[in-house]
Every structure is written in C-alpha cells, then in structure tokens.
file final.txt (compact mmCIF, C-alpha atoms)
# COMPACT_ATOMS: atom_id res chain seq x y z
CA MET A 1 97.71 14.40 118.20
CA ILE A 2 96.27 17.91 118.08
CA PRO A 3 95.73 19.45 121.53
CA ARG A 4 92.05 20.28 122.04
CA LYS A 5 90.74 23.19 124.06
CA ASP A 6 88.68 20.87 126.28
CA THR A 7 91.57 18.59 127.25
CA ALA A 8 92.63 20.41 130.43
CA LYS A 9 89.03 20.80 131.65
CA LEU A 10 88.36 17.09 131.12
CA ILE A 11 91.54 16.04 132.89
CA GLU A 12 90.52 18.17 135.87
CA GLN A 13 87.24 16.24 136.05
CA ALA A 14 89.21 13.17 137.17
CA GLY A 15 88.99 14.51 140.71
CA LYS A 16 85.23 15.12 140.56
CA ARG A 17 82.50 12.62 141.29
CA THR A 18 80.78 12.83 137.95
CA LEU A 19 80.42 10.76 134.79
CA SER A 20 82.41 12.61 132.14
CA ILE A 21 80.46 12.20 128.89
CA LEU A 22 81.88 13.31 125.52
CA LEU A 23 79.33 13.72 122.74
CA GLY A 24 79.66 14.74 119.11
CA SER A 25 79.26 13.69 115.51
CA CYS A 26 81.42 11.00 113.95
CA GLN A 27 85.08 11.74 113.18
CA VAL A 28 85.39 14.89 115.32
CA GLY A 29 88.13 13.35 117.48
CA LYS A 30 86.30 11.96 120.52
CA SER A 31 88.28 8.70 120.63
CA THR A 32 91.56 10.53 120.24
CA LEU A 33 90.60 12.92 123.01
CA LEU A 34 89.86 10.01 125.32
CA GLY A 35 93.36 8.74 124.62
CA MET A 36 94.83 12.17 125.37
CA ILE A 37 92.97 12.30 128.69
CA GLN A 38 94.26 8.86 129.62
CA GLU A 39 97.80 9.87 128.70
CA GLY A 40 97.47 13.15 130.58
CA LEU A 41 96.33 11.39 133.76
CA GLY A 42 99.08 8.78 133.49
CA LEU A 43 97.12 6.25 135.54
CA PRO A 44 96.28 2.59 134.87
CA ALA A 45 92.79 2.24 133.45
CA ASP A 46 90.28 -0.20 132.01
CA VAL A 47 89.57 0.69 128.38
CA TYR A 48 86.56 -0.49 126.39
CA ASN A 49 85.52 0.19 122.81
CA LEU A 50 81.94 -0.91 122.19
CA GLU A 51 82.57 -1.29 118.46
CA ASN A 52 84.43 -4.40 119.61
CA PRO A 53 81.80 -7.18 119.78
CA LEU A 54 83.44 -8.73 122.87
CA HIS A 55 83.32 -5.46 124.78
CA LEU A 56 79.78 -4.76 123.59
CA ALA A 57 78.58 -8.19 124.75
CA LEU A 58 80.00 -7.46 128.19
CA PHE A 59 78.00 -4.22 128.48
CA ASN A 60 74.87 -5.68 126.92
CA GLU A 61 74.74 -8.16 129.80
CA GLY A 62 74.42 -5.19 132.15
CA TYR A 63 76.12 -3.65 135.14
CA THR A 64 76.86 -6.91 136.99
CA SER A 65 78.78 -8.35 134.05
CA PHE A 66 80.75 -5.13 133.63
CA ILE A 67 81.67 -4.65 137.28
CA ARG A 68 83.12 -8.16 137.54
CA GLN A 69 85.70 -7.22 134.89
CA VAL A 70 86.84 -3.86 136.28
CA ARG A 71 90.34 -3.84 137.71
CA HIS A 72 91.05 -0.11 138.08
CA PRO A 73 89.17 2.90 139.48
CA LEU A 74 89.62 4.70 136.14
CA VAL A 75 87.49 3.49 133.20
CA PHE A 76 87.31 4.69 129.58
CA ILE A 77 84.36 3.64 127.41
CA ASP A 78 84.40 4.58 123.72
CA GLU A 79 81.51 4.36 121.22
CA PHE A 80 78.96 3.81 124.00
CA GLN A 81 76.04 4.47 121.63
CA TYR A 82 76.20 0.82 120.50
CA CYS A 83 74.91 -0.36 123.90
CA LYS A 84 71.18 0.28 124.18
CA ASN A 85 71.10 0.02 127.97
CA ILE A 86 74.24 2.09 128.56
CA SER A 87 72.41 4.70 130.64
CA SER A 88 71.38 2.07 133.21
CA VAL A 89 74.98 0.82 133.36
CA PHE A 90 76.25 4.38 133.91
CA LYS A 91 73.65 5.01 136.61
CA ALA A 92 74.56 1.82 138.48
CA ILE A 93 78.29 2.60 138.32
CA PHE A 94 77.72 6.09 139.71
CA ASP A 95 75.33 5.03 142.46
CA LEU A 96 77.03 1.81 143.58
CA ASN A 97 80.73 2.47 142.92
CA PRO A 98 81.61 6.06 143.88
CA HIS A 99 85.34 5.25 143.71
CA ILE A 100 85.15 4.54 139.94
CA LYS A 101 85.71 7.44 137.58
CA VAL A 102 84.23 6.97 134.10
CA TYR A 103 85.09 8.83 130.90
CA ALA A 104 82.80 7.84 128.03
CA SER A 105 82.40 9.05 124.47
CA GLY A 106 79.66 8.43 121.97
CA SER A 107 78.41 9.55 118.62
CA SER A 108 74.84 10.39 118.00
CA SER A 109 71.87 8.39 119.18
CA LEU A 110 68.72 10.33 119.92
CA GLU A 111 67.25 7.51 121.98
CA ILE A 112 70.33 7.12 124.17
CA GLN A 113 70.64 10.90 124.59
CA ALA A 114 67.07 11.01 125.88
CA HIS A 115 67.84 8.22 128.36
CA LEU A 116 71.03 9.98 129.49
CA LYS A 117 69.11 13.17 130.18
CA GLU A 118 66.38 11.38 132.11
CA SER A 119 68.41 8.93 134.19
CA LEU A 120 71.71 10.74 134.75
CA VAL A 121 70.55 14.14 135.95
CA GLY A 122 73.07 15.36 138.51
CA ARG A 123 75.41 12.47 137.73
CA LYS A 124 77.12 13.56 134.50
CA SER A 125 79.18 16.35 133.00
CA GLU A 126 78.61 16.59 129.25
CA THR A 127 81.12 18.06 126.83
CA ILE A 128 80.18 18.53 123.19
CA ILE A 129 83.16 17.89 120.93
CA TYR A 130 83.09 19.87 117.69
CA PRO A 131 85.40 19.83 114.68
CA LEU A 132 88.62 21.79 115.14
CA THR A 133 88.79 25.52 115.70
CA TYR A 134 91.07 27.41 113.36
CA ALA A 135 93.67 27.71 116.14
CA GLU A 136 93.55 23.95 116.83
CA TRP A 137 93.86 23.24 113.10
CA LEU A 138 96.90 25.53 112.89
CA THR A 139 98.52 23.59 115.74
CA GLY A 140 98.51 20.53 113.49
CA THR A 141 99.52 22.29 110.28
CA GLU A 142 101.50 25.43 111.14
CA PRO A 143 102.43 25.40 114.84
CA ASP A 144 104.27 28.75 114.65
CA LEU A 145 100.95 30.44 113.87
CA ALA A 146 98.83 28.52 116.39
CA ARG A 147 98.62 31.37 118.89
CA LEU A 148 96.08 33.69 117.33
CA PRO A 149 96.51 37.30 118.47
CA LEU A 150 93.86 38.74 120.76
CA ALA A 151 91.18 41.11 119.56
CA GLY A 152 92.75 44.56 119.81
CA GLU A 153 96.25 43.06 119.53
CA ALA A 154 98.22 43.62 116.33
CA THR A 155 99.13 40.60 114.22
CA ARG A 156 102.82 40.24 113.45
CA VAL A 157 103.48 41.61 109.99
CA ASP A 158 105.29 38.43 108.95
CA ALA A 159 102.32 36.29 110.06
CA MET A 160 99.41 38.06 108.35
CA ALA A 161 99.84 36.42 104.94
CA GLY A 162 100.16 33.00 106.57
CA TYR A 163 96.93 33.37 108.54
CA ARG A 164 95.00 34.37 105.43
CA LYS A 165 96.51 31.69 103.20
CA HIS A 166 95.85 28.90 105.69
CA LEU A 167 92.35 30.18 106.39
CA ASP A 168 91.44 29.65 102.75
CA THR A 169 92.61 26.02 103.00
CA PHE A 170 90.63 25.65 106.23
CA LEU A 171 87.49 26.93 104.49
CA ARG A 172 87.97 24.65 101.47
CA PHE A 173 88.58 21.38 103.31
CA GLY A 174 87.08 22.03 106.71
CA ALA A 175 87.90 21.33 110.32
CA MET A 176 87.65 17.56 110.74
CA PRO A 177 90.78 16.38 112.58
CA GLY A 178 91.54 13.59 110.11
CA ILE A 179 92.01 16.07 107.29
CA VAL A 180 95.14 17.55 108.91
CA ASN A 181 97.32 14.55 108.06
CA LEU A 182 96.25 14.42 104.40
CA SER A 183 98.19 16.37 101.78
CA ASP A 184 96.67 15.10 98.53
CA GLU A 185 93.50 16.89 97.41
CA ILE A 186 91.88 13.70 96.10
CA GLU A 187 92.50 12.00 99.44
CA LYS A 188 90.91 14.94 101.23
CA ARG A 189 87.83 14.84 99.00
CA GLU A 190 87.46 11.08 99.45
CA TYR A 191 87.88 11.40 103.21
CA LEU A 192 85.22 14.10 103.49
CA PHE A 193 82.69 12.34 101.30
CA GLY A 194 83.39 9.17 103.27
CA ILE A 195 82.37 11.00 106.46
CA TYR A 196 79.06 11.90 104.84
CA ARG A 197 78.47 8.34 103.64
CA THR A 198 79.29 7.00 107.11
CA TYR A 199 76.91 9.50 108.69
CA ILE A 200 74.06 8.33 106.48
CA ALA A 201 74.93 4.64 106.87
CA LYS A 202 75.50 4.55 110.64
CA ASP A 203 73.90 7.52 112.38
CA ILE A 204 70.86 8.09 110.17
CA LYS A 205 69.68 4.65 109.06
CA SER A 206 68.92 3.74 112.65
CA PHE A 207 66.28 6.51 112.69
CA LEU A 208 64.89 6.34 109.15
CA ASN A 209 63.63 3.73 106.69
CA ASP A 210 65.13 3.42 103.19
CA GLU A 211 62.55 5.69 101.58
CA SER A 212 63.11 8.34 104.22
CA VAL A 213 66.88 8.20 103.67
CA ILE A 214 66.32 9.27 100.05
CA SER A 215 64.23 12.28 101.05
CA PHE A 216 66.67 13.04 103.88
CA ASN A 217 69.51 13.15 101.34
CA LYS A 218 67.53 15.60 99.22
CA MET A 219 66.97 17.83 102.21
CA ILE A 220 70.57 17.84 103.41
CA SER A 221 71.76 18.65 99.87
CA TRP A 222 69.43 21.65 99.82
CA LEU A 223 70.59 22.71 103.27
CA SER A 224 74.21 22.48 102.12
CA LEU A 225 73.57 24.68 99.10
CA ASN A 226 71.84 27.28 101.27
CA ASN A 227 73.91 27.05 104.44
CA GLY A 228 73.49 30.05 106.73
CA SER A 229 70.05 30.99 105.42
CA GLN A 230 66.85 31.43 107.35
CA LEU A 231 65.21 28.06 107.85
CA ASN A 232 62.15 27.75 105.62
CA LYS A 233 60.38 24.51 106.48
CA ASN A 234 57.89 24.89 103.63
CA ASN A 235 60.76 24.92 101.13
CA LEU A 236 62.30 21.88 102.79
CA SER A 237 58.99 20.03 102.64
CA VAL A 238 58.72 20.65 98.89
CA VAL A 239 62.37 19.81 98.18
CA ALA A 240 62.33 16.57 100.17
CA GLY A 241 58.81 15.61 99.11
CA VAL A 242 57.68 14.93 102.66
CA SER A 243 55.28 16.46 105.16
CA ALA A 244 56.13 19.35 107.46
CA ARG A 245 56.00 16.92 110.37
CA GLN A 246 58.63 14.72 108.71
CA VAL A 247 60.79 17.78 108.07
CA ASP A 248 60.67 18.50 111.80
CA ARG A 249 61.76 14.90 112.42
CA TYR A 250 64.71 15.28 110.03
CA LEU A 251 65.75 18.54 111.68
CA ASP A 252 65.59 16.87 115.09
CA VAL A 253 67.92 14.16 113.76
CA LEU A 254 70.38 16.72 112.36
CA GLN A 255 70.44 18.68 115.61
CA GLY A 256 70.56 15.56 117.76
CA THR A 257 73.54 14.26 115.81
CA TYR A 258 75.36 17.61 116.16
CA VAL A 259 75.41 18.22 112.42
CA LEU A 260 73.16 21.28 112.38
CA ALA A 261 72.78 24.26 114.73
CA LEU A 262 69.85 26.65 114.80
CA VAL A 263 70.51 30.32 115.54
CA PRO A 264 67.51 32.23 116.87
CA PRO A 265 66.87 35.92 116.27
CA LEU A 266 67.51 38.30 119.14
CA SER A 267 64.20 39.59 120.36
CA THR A 268 63.55 41.62 123.50
CA ASN A 269 59.94 42.58 122.75
CA LYS A 270 60.83 45.78 120.96
CA GLY A 271 58.02 45.29 118.47
CA LYS A 272 59.92 45.74 115.22
CA GLU A 273 62.34 42.86 115.72
CA LEU A 274 61.99 39.64 113.81
CA VAL A 275 60.89 36.67 115.91
CA ARG A 276 60.61 32.88 115.53
CA ILE A 277 62.57 32.54 112.27
CA ASN A 278 65.81 30.67 112.91
CA LYS A 279 68.92 30.62 110.77
CA TYR A 280 70.88 27.39 110.52
CA TYR A 281 74.48 26.33 110.03
CA LEU A 282 75.76 22.87 109.09
CA TYR A 283 78.75 21.81 111.14
CA ASP A 284 81.69 21.64 108.74
CA GLN A 285 82.47 23.47 105.51
CA GLY A 286 84.61 20.64 104.17
CA VAL A 287 81.76 18.15 104.45
CA ILE A 288 79.40 20.71 102.88
CA ASN A 289 81.81 21.16 99.98
CA ALA A 290 81.94 17.37 99.53
CA ILE A 291 78.13 17.21 99.40
CA VAL A 292 77.81 20.04 96.84
CA GLN A 293 81.03 19.00 95.04
CA ASP A 294 82.61 22.45 95.04
CA PHE A 295 86.11 22.87 96.44
CA ARG A 296 87.03 26.10 94.69
CA PRO A 297 88.89 28.74 96.73
CA THR A 298 86.44 30.84 98.70
CA ALA A 299 87.07 33.98 96.65
CA GLN A 300 85.82 32.16 93.53
CA ARG A 301 82.59 30.98 95.12
CA PRO A 302 79.26 32.80 94.67
CA ASP A 303 78.47 31.90 98.29
CA ALA A 304 81.76 33.29 99.64
CA GLY A 305 79.97 35.66 102.03
CA MET A 306 77.95 32.85 103.56
CA ILE A 307 81.04 30.63 103.90
CA ARG A 308 82.75 33.38 105.89
CA GLU A 309 79.67 33.89 108.02
CA ALA A 310 79.43 30.16 108.80
CA PHE A 311 83.11 30.14 109.76
CA VAL A 312 82.53 32.96 112.25
CA TYR A 313 79.50 31.24 113.75
CA TRP A 314 81.33 27.99 114.39
CA GLU A 315 84.45 29.71 115.75
CA LEU A 316 82.18 31.44 118.26
CA ARG A 317 80.19 28.29 119.05
CA LYS A 318 83.32 26.20 119.58
CA THR A 319 84.85 28.85 121.84
CA VAL A 320 82.10 30.05 124.17
CA ASP A 321 80.70 28.22 127.20
CA ILE A 322 77.23 27.87 128.67
CA ARG A 323 77.20 31.50 129.87
CA TYR A 324 76.90 32.75 126.29
CA SER A 325 74.23 32.58 123.64
CA ILE A 326 74.50 33.47 119.96
CA HIS A 327 71.75 35.21 118.00
CA TYR A 328 71.34 37.09 114.79
CA TRP A 329 69.45 40.39 114.67
CA ARG A 330 67.02 41.54 112.02
CA THR A 331 64.13 43.99 112.04
CA ALA A 332 60.96 43.74 109.99
CA ASP A 333 62.20 46.55 107.73
CA GLY A 334 65.49 44.79 106.92
CA LYS A 335 68.02 46.22 109.36
CA GLU A 336 70.31 43.41 110.45
CA VAL A 337 73.49 42.29 112.21
CA ASP A 338 75.05 38.92 111.40
CA PHE A 339 75.58 37.82 115.00
CA VAL A 340 74.92 39.09 118.49
CA LEU A 341 76.88 37.47 121.28
CA GLU A 342 74.98 37.70 124.57
CA ARG A 343 76.07 37.13 128.14
CA ASP A 344 74.15 38.26 131.22
CA ARG A 345 72.01 40.61 129.09
CA ALA A 346 75.08 42.36 127.67
CA PHE A 347 75.31 42.33 123.87
CA LEU A 348 78.18 42.33 121.40
CA PRO A 349 77.06 42.82 117.77
CA ILE A 350 79.32 41.26 115.12
CA GLU A 351 79.26 42.02 111.41
CA VAL A 352 81.06 39.84 108.85
CA LYS A 353 82.31 41.67 105.75
CA SER A 354 84.75 41.07 102.93
CA ASN A 355 85.48 44.40 101.27
CA TRP A 356 84.85 47.19 103.74
CA LYS A 357 86.41 50.56 104.52
CA THR A 358 88.41 50.50 107.74
CA GLY A 359 86.75 52.59 110.44
CA LYS A 360 83.40 52.92 108.68
CA LEU A 361 80.53 51.57 110.78
CA PRO A 362 78.22 49.14 108.94
CA PRO A 363 74.59 50.33 108.89
CA GLY A 364 73.45 47.28 110.84
CA ILE A 365 75.70 48.12 113.79
CA ARG A 366 74.57 51.77 113.74
CA HIS A 367 70.94 50.67 113.93
CA PHE A 368 71.72 48.14 116.66
CA PHE A 369 73.27 50.91 118.75
CA ARG A 370 70.03 52.86 118.43
CA PHE A 371 67.93 49.89 119.51
CA TYR A 372 70.33 48.98 122.31
CA PRO A 373 72.11 52.18 123.41
CA GLU A 374 73.59 50.38 126.43
CA THR A 375 75.83 48.35 124.07
CA ARG A 376 79.47 49.29 124.69
CA VAL A 377 81.42 47.32 122.08
CA ALA A 378 80.98 45.95 118.55
CA VAL A 379 83.12 44.07 116.03
CA VAL A 380 83.53 44.09 112.27
CA LEU A 381 85.30 40.98 110.96
CA TYR A 382 86.70 41.61 107.49
CA ASP A 383 89.76 41.41 105.23
CA GLY A 384 91.23 44.77 106.16
CA PRO A 385 93.77 45.93 108.75
CA GLU A 386 93.23 45.90 112.49
CA ALA A 387 91.79 49.10 113.93
CA MET A 388 89.59 50.47 116.70
CA VAL A 389 87.33 53.50 116.46
CA GLU A 390 85.24 55.32 119.05
CA ASP A 391 81.57 56.01 118.41
CA GLU A 392 79.81 58.06 121.09
CA GLY A 393 81.77 56.34 123.84
CA ARG A 394 81.51 52.88 122.28
CA ARG A 395 84.41 50.89 120.89
CA VAL A 396 84.14 49.30 117.46
CA TYR A 397 86.92 46.85 116.62
CA PHE A 398 87.86 46.09 113.02
CA GLU A 399 89.53 42.70 113.03
CA PRO A 400 90.67 40.16 110.41
CA LEU A 401 88.35 37.21 109.91
CA TYR A 402 90.81 34.69 111.31
CA LYS A 403 90.45 36.28 114.77
CA ALA A 404 86.80 35.23 115.13
CA SER A 405 87.49 32.88 118.06
CA ARG A 406 89.11 35.75 119.99
CA ILE A 407 86.02 37.99 119.91
CA PRO A 408 84.21 36.64 123.03
CA ALA A 409 87.03 38.03 125.18
CA LEU A 410 85.84 41.54 124.30
CA LEU A 411 82.48 40.87 125.94
CA GLU A 412 84.23 39.37 128.95
CA ALA A 413 86.19 42.61 129.29
CA VAL A 414 82.95 44.64 129.23
CA LEU A 415 81.51 42.52 132.05
CA ALA A 416 84.70 42.41 134.13

call {"tool": "encode", "arguments": {"input": "final.txt", "output": "structure tokens"}}
result
Amino acid sequence: MIPRKDTAKLIEQAGKRTLSILLGSCQVGKSTLLGMIQEGLGLPADVYNLENPLHLALFNEGYTSFIRQVRHPLVFIDEFQYCKNISSVFKAIFDLNPHIKVYASGSSSLEIQAHLKESLVGRKSETIIYPLTYAEWLTGTEPDLARLPLAGEATRVDAMAGYRKHLDTFLRFGAMPGIVNLSDEIEKREYLFGIYRTYIAKDIKSFLNDESVISFNKMISWLSLNNGSQLNKNNLSVVAGVSARQVDRYLDVLQGTYVLALVPPLSTNKGKELVRINKYYLYDQGVINAIVQDFRPTAQRPDAGMIREAFVYWELRKTVDIRYSIHYWRTADGKEVDFVLERDRAFLPIEVKSNWKTGKLPPGIRHFFRFYPETRVAVVLYDGPEAMVEDEGRRVYFEPLYKASRIPALLEAVLA
C-alpha cells in the first residue's frame, strides 16, 4: 500500500468529535486509505461496505437498524454513496452517539453531497482524495527517489536522470494508484479505459439519460483533447449538440465528481486583467490519454506543453490546503503567467517551460512584477538545472518540473 499524504492527518482525527468524510472520484484509493487508517489506529472496529447488498440493506433501514448492529466505538463505512439517506444516518450517529467515531468514504453523488453540506454543517471534516502525487507514485515504484528535494535544494547528481525518466512514465500512464502494480502496457491501457467506462456507467448514468450520455461523451472527448485551455462554453455546446444550460449541467457533474477543476484568472480590479474566463484541467493524464488514445512519450506529443502545465496544476492542487488558492494570470493584451499561487494576499507566480535559458526571466513574470511590485518570489519550472537569480530584491527560482509539489513551501517561507 502506498502511503498517502493525508494518512497522518486522518489518523489524528480519531481523537476529534467529527465525522471524517473522504470524497473523491472512483479508483483514487479511498477504500485503501480507509484500511490504512484502520491499521494505523490498531483498534477493533465495525466495517461496512455499502456495495455489499446486506450492508446496504442495513443502512437503508435507517439509523435504528444500524445502531443495533454496532459493537465498537470505531466505525468504517465505505462506498456510502449507495445509501440515499446516508446523511440522516450520519447526523443521527453524531447527535445521539458522541462516543462513536465514524470514518466514511464515498465516490461522487451530487445529490448526497448537497445533503451532506446541508445537514452535517459543523459535524464533519471532509478530505478530498486525489490521484497520487508524483512523490507518492515514486514511493510505490522507486522508493529511493520518493523524497523529492526542496525548492532551492540541489538534486543529487545520481538521481536527476531517474526523476526525469520516471516523470515521463507518470505523464504517460497517470497517477491512479492501481496503475503502480501493472507492468504491461496493454494492461495499463485496459485499466485506464476501464476507469473511464466505469465512470460513465456508475457515476454519470445516475444523473443523465441515455441520449445525454452520448452528448456527454462527445464533450468529455473534446475537453480531453484541449485539456488546460480556457473554457469556452459556446464551443462545448456546438461539439456536444446541446444547449448552454445543458453544458452547465455537464460541467457541474464533472466538478461534482472531482474529475474536472476550474482555475479562475487572478483579478484585483486593475482594469487590464482578464476576468470571468476560467481554465480547466481534467484530473488524470493517464485517463485523458486513454480517452484520446495517445500514449506516446510526452516529448513526441504536440500538446507536450499543456501536459506539463496540467501536471504542475495537479501537483499544486494535491499539495496545498485550504489557505491557498490557485489562479492563472492574463491581461487583455496577452501578457500571462501560467499559475499564481495565493495565500493571504501574497502571490507566487509560476511559469512552466520546456526549453528555456537558465536565469533568464520569462516575459510573463517580468510583467507580473510590474503589476504586483510587492511580489517577493517567483518560480520557473523547466527542464534545465537548478538555479536562483535576484531581480531587484526578488528571488526567482529555476527548478526542474518534477519539483512542482515543493513550490508552495517558497510562499510559506515568504509569509513566515
């Protein structure tokens, strides 16, 4: 089992009076993580999987039926989305049995999520489980390389080639935990396409009729081919052959099932900045490659730049906590920065490059400094050597792409 970054935090929640809810798309490792929490606590527990019809029937009968069966103060409930009244069961457990600690995981159900938000305010701690970070993936494939060096810290000379080689594999086949144990390329392709088929069959069909599933497939194929672009709803409407209102419904489903993230532009009312046009990123490059049927090495892909950019976004998203937000920055006259990490009104601009001269500031970062002169640090993620240059009292770090998850620590240092 691959250690996950959230494991320690979730184990600590055992001592807190809260419902610990794990959410995420299918096959991201929620069930395995529940097992790791149980093992880490080392306590007797009642364990339920609501894919099991017997367990589901117990919960469908409501709180009274459930509570009669409980033997231990520690309870694990997996696949809770199959029980339509699960939020009322959770609420009753919390209110009537304060000695019972519940860990529960579920895949996507927009209806249940709405009920959880409405009825469990102040009663739950939610953790979104994403596919693996690059460091987590390395733990399962190349443990000696699992500790990524910090931003500003030199990579061992003997490790550089390994990080780059494995990163290309990571970008080809993605970050789903189940891929780590597969060595055959055909098996990997079948596994990834199977995830997509399961997503359509289980998570989507409950929201859409058969005709809508066809148009939804058209839209998600287009999104996969253009991953990382600005979201143009008019294009999506034409491609899918549905109304703009239906496109909004599809996008709600994709976001609600943790398959798509929207990245807003940074705008602080400076007049020339772009507003209201979001970029989007689908959640896993391996699944994207299965949809578009292109598993070539990244360097051979015409969309190599966008693949790298999506990797950086998800490494940041999987790493940061609620204190951070991620934007992109673009002005009306075309000046842009790929990402801006924000915390407490402090900004860290991040540019993603492939071929770039070490120490040379990208134009986007130069312009960002002029718009936001209070900015103290910036990052260029690229294929070159590690370096740091000073620019009018600011620090600009040039770091290899594989260090993307280590970048937020630079902003923490600025705010320390």

call {"tool": "residues_around", "arguments": {"input": "final.txt", "residues": "stretch 234-239 of chain A", "least_positions_apart": "5", "cutoff": "8 Å", "atoms": "all atoms listed in the file", "output": "PyMOL selection string"}}
result
chain A and resi 218-219+222+244+247

call {"tool": "write_last_selection", "arguments": {"input": "final.txt", "atoms": "C-alpha atoms", "output": "CSV table (one decimal), in the coordinates of the input"}}
result
chain,number,residue,atom,x,y,z
A,218,LYS,CA,67.5,15.6,99.2
A,219,MET,CA,67.0,17.8,102.2
A,222,TRP,CA,69.4,21.6,99.8
A,244,ALA,CA,56.1,19.4,107.5
A,247,VAL,CA,60.8,17.8,108.1

call {"tool": "closest_residue", "arguments": {"input": "final.txt", "among": "A:Ile220, A:Leu282, A:Ala332, A:Val312", "to": "A:Ser267", "atoms": "all atoms listed in the file"}}
result
A:Ala332

call {"tool": "residues_near_point", "arguments": {"input": "final.txt", "point": "(76.1, 29.7, 126.7)", "cutoff": "10 Å", "atoms": "all atoms listed in the file", "output": "list in words"}}
result
Arg317, Val320, Asp321, Ile322, Arg323, Tyr324, Ser325, Ile326, Leu341, Glu342, Arg343 and Asp344 of chain A

call {"tool": "write_last_selection", "arguments": {"input": "final.txt", "atoms": "C-alpha atoms", "output": "CSV table (one decimal), in the frame of the given file"}}
result
chain,number,residue,atom,x,y,z
A,317,ARG,CA,80.2,28.3,119.0
A,320,VAL,CA,82.1,30.0,124.2
A,321,ASP,CA,80.7,28.2,127.2
A,322,ILE,CA,77.2,27.9,128.7
A,323,ARG,CA,77.2,31.5,129.9
A,324,TYR,CA,76.9,32.8,126.3
A,325,SER,CA,74.2,32.6,123.6
A,326,ILE,CA,74.5,33.5,120.0
A,341,LEU,CA,76.9,37.5,121.3
A,342,GLU,CA,75.0,37.7,124.6
A,343,ARG,CA,76.1,37.1,128.1
A,344,ASP,CA,74.2,38.3,131.2

call {"tool": "closest_residue", "arguments": {"input": "final.txt", "among": "A:Pro131, A:Leu167, A:Tyr397, A:Asp338", "to": "A:Leu145", "atoms": "only C-alpha atoms"}}
result
A:Leu167

call {"tool": "residues_near_point", "arguments": {"input": "final.txt", "point": "(75.2, 19.9, 99.3)", "cutoff": "8 Å", "atoms": "only C-alpha atoms", "output": "VMD selection string"}}
result
chain A and resid 220 to 225 288 to 293

call {"tool": "closest_residue", "arguments": {"input": "final.txt", "among": "A:Ser119, A:Ser87, A:Thr169, A:Thr198", "to": "A:Gln27", "atoms": "all atoms listed in the file"}}
result
A:Thr198

call {"tool": "closest_residue", "arguments": {"input": "final.txt", "among": "A:Leu410, A:Leu34, A:Ile67, A:Ile179", "to": "A:Trp137", "atoms": "all atoms listed in the file"}}
result
A:Ile179

call {"tool": "closest_residue", "arguments": {"input": "final.txt", "among": "A:Lys30, A:His99, A:Arg406, A:Arg123", "to": "A:Glu153", "atoms": "all atoms listed in the file"}}
result
A:Arg406

call {"tool": "closest_residue", "arguments": {"input": "final.txt", "among": "A:Val253, A:Ala240, A:Phe66, A:Met1", "to": "A:Glu39", "atoms": "all atoms listed in the file"}}
result
A:Met1

call {"tool": "closest_atom_pairs", "arguments": {"input": "final.txt", "of": "stretch 281-333 of chain A", "to": "stretch 373-383 of chain A", "cutoff": "12 Å", "atoms": "all atoms listed in the file", "output": "Markdown table"}}
result
| residue | atom | partner | partner_atom | distance |
| --- | --- | --- | --- | --- |
| A:Ala299 | CA | A:Asp383 | CA | 11.7 |
| A:Gly305 | CA | A:Tyr382 | CA | 10.5 |
| A:Arg308 | CA | A:Tyr382 | CA | 9.3 |
| A:Glu309 | CA | A:Leu381 | CA | 9.5 |
| A:Phe311 | CA | A:Leu381 | CA | 11.1 |
| A:Val312 | CA | A:Leu381 | CA | 8.6 |
| A:Tyr313 | CA | A:Leu381 | CA | 11.7 |

call {"tool": "residues_around", "arguments": {"input": "final.txt", "residues": "A:Arg296", "least_positions_apart": "5", "cutoff": "12 Å", "atoms": "all atoms listed in the file", "output": "list in words"}}
result
Asp168, Thr169, Leu171, Arg172, Phe173, Glu185, Gly286, Asn289, Ala290, Arg301, Pro302, Asp303, Ala304 and Ile307 of chain A

call {"tool": "residues_around", "arguments": {"input": "final.txt", "residues": "A:Arg156", "least_positions_apart": "4", "cutoff": "12 Å", "atoms": "all atoms listed in the file", "output": "PyMOL selection string"}}
result
chain A and resi 144-145+147-150+160-163+385-386

call {"tool": "build_atoms", "arguments": {"input": "final.txt", "residues": "stretch 219-231 of chain A", "atoms": "N, CA and C atoms", "output": "PDB file, in the frame of the given file"}}
result
ATOM      1  N   MET A 219      67.046  16.687 101.324  1.00  0.00           N
ATOM      2  CA  MET A 219      66.970  17.830 102.210  1.00  0.00           C
ATOM      3  C   MET A 219      68.352  18.323 102.622  1.00  0.00           C
ATOM      4  N   ILE A 220      69.256  17.400 102.954  1.00  0.00           N
ATOM      5  CA  ILE A 220      70.570  17.840 103.410  1.00  0.00           C
ATOM      6  C   ILE A 220      71.372  18.452 102.266  1.00  0.00           C
ATOM      7  N   SER A 221      71.113  18.011 101.025  1.00  0.00           N
ATOM      8  CA  SER A 221      71.760  18.650  99.870  1.00  0.00           C
ATOM      9  C   SER A 221      71.278  20.088  99.725  1.00  0.00           C
ATOM     10  N   TRP A 222      69.979  20.293  99.889  1.00  0.00           N
ATOM     11  CA  TRP A 222      69.430  21.650  99.820  1.00  0.00           C
ATOM     12  C   TRP A 222      69.980  22.519 100.943  1.00  0.00           C
ATOM     13  N   LEU A 223      70.044  21.965 102.140  1.00  0.00           N
ATOM     14  CA  LEU A 223      70.590  22.710 103.270  1.00  0.00           C
ATOM     15  C   LEU A 223      72.050  23.094 103.023  1.00  0.00           C
ATOM     16  N   SER A 224      72.802  22.199 102.410  1.00  0.00           N
ATOM     17  CA  SER A 224      74.210  22.480 102.120  1.00  0.00           C
ATOM     18  C   SER A 224      74.356  23.614 101.120  1.00  0.00           C
ATOM     19  N   LEU A 225      73.504  23.627 100.112  1.00  0.00           N
ATOM     20  CA  LEU A 225      73.570  24.680  99.100  1.00  0.00           C
ATOM     21  C   LEU A 225      73.140  26.037  99.644  1.00  0.00           C
ATOM     22  N   ASN A 226      72.373  26.030 100.722  1.00  0.00           N
ATOM     23  CA  ASN A 226      71.840  27.280 101.270  1.00  0.00           C
ATOM     24  C   ASN A 226      72.284  27.506 102.713  1.00  0.00           C
ATOM     25  N   ASN A 227      73.428  26.964 103.069  1.00  0.00           N
ATOM     26  CA  ASN A 227      73.910  27.050 104.440  1.00  0.00           C
ATOM     27  C   ASN A 227      73.969  28.490 104.931  1.00  0.00           C
ATOM     28  N   GLY A 228      73.473  28.715 106.154  1.00  0.00           N
ATOM     29  CA  GLY A 228      73.490  30.050 106.730  1.00  0.00           C
ATOM     30  C   GLY A 228      72.233  30.853 106.467  1.00  0.00           C
ATOM     31  N   SER A 229      71.285  30.282 105.747  1.00  0.00           N
ATOM     32  CA  SER A 229      70.050  30.990 105.420  1.00  0.00           C
ATOM     33  C   SER A 229      69.046  30.869 106.564  1.00  0.00           C
ATOM     34  N   GLN A 230      67.969  31.640 106.450  1.00  0.00           N
ATOM     35  CA  GLN A 230      66.850  31.430 107.350  1.00  0.00           C
ATOM     36  C   GLN A 230      66.190  30.099 107.011  1.00  0.00           C
ATOM     37  N   LEU A 231      65.752  29.401 108.036  1.00  0.00           N
ATOM     38  CA  LEU A 231      65.210  28.060 107.850  1.00  0.00           C
ATOM     39  C   LEU A 231      63.749  28.140 107.415  1.00  0.00           C
TER      40      LEU A 231
END
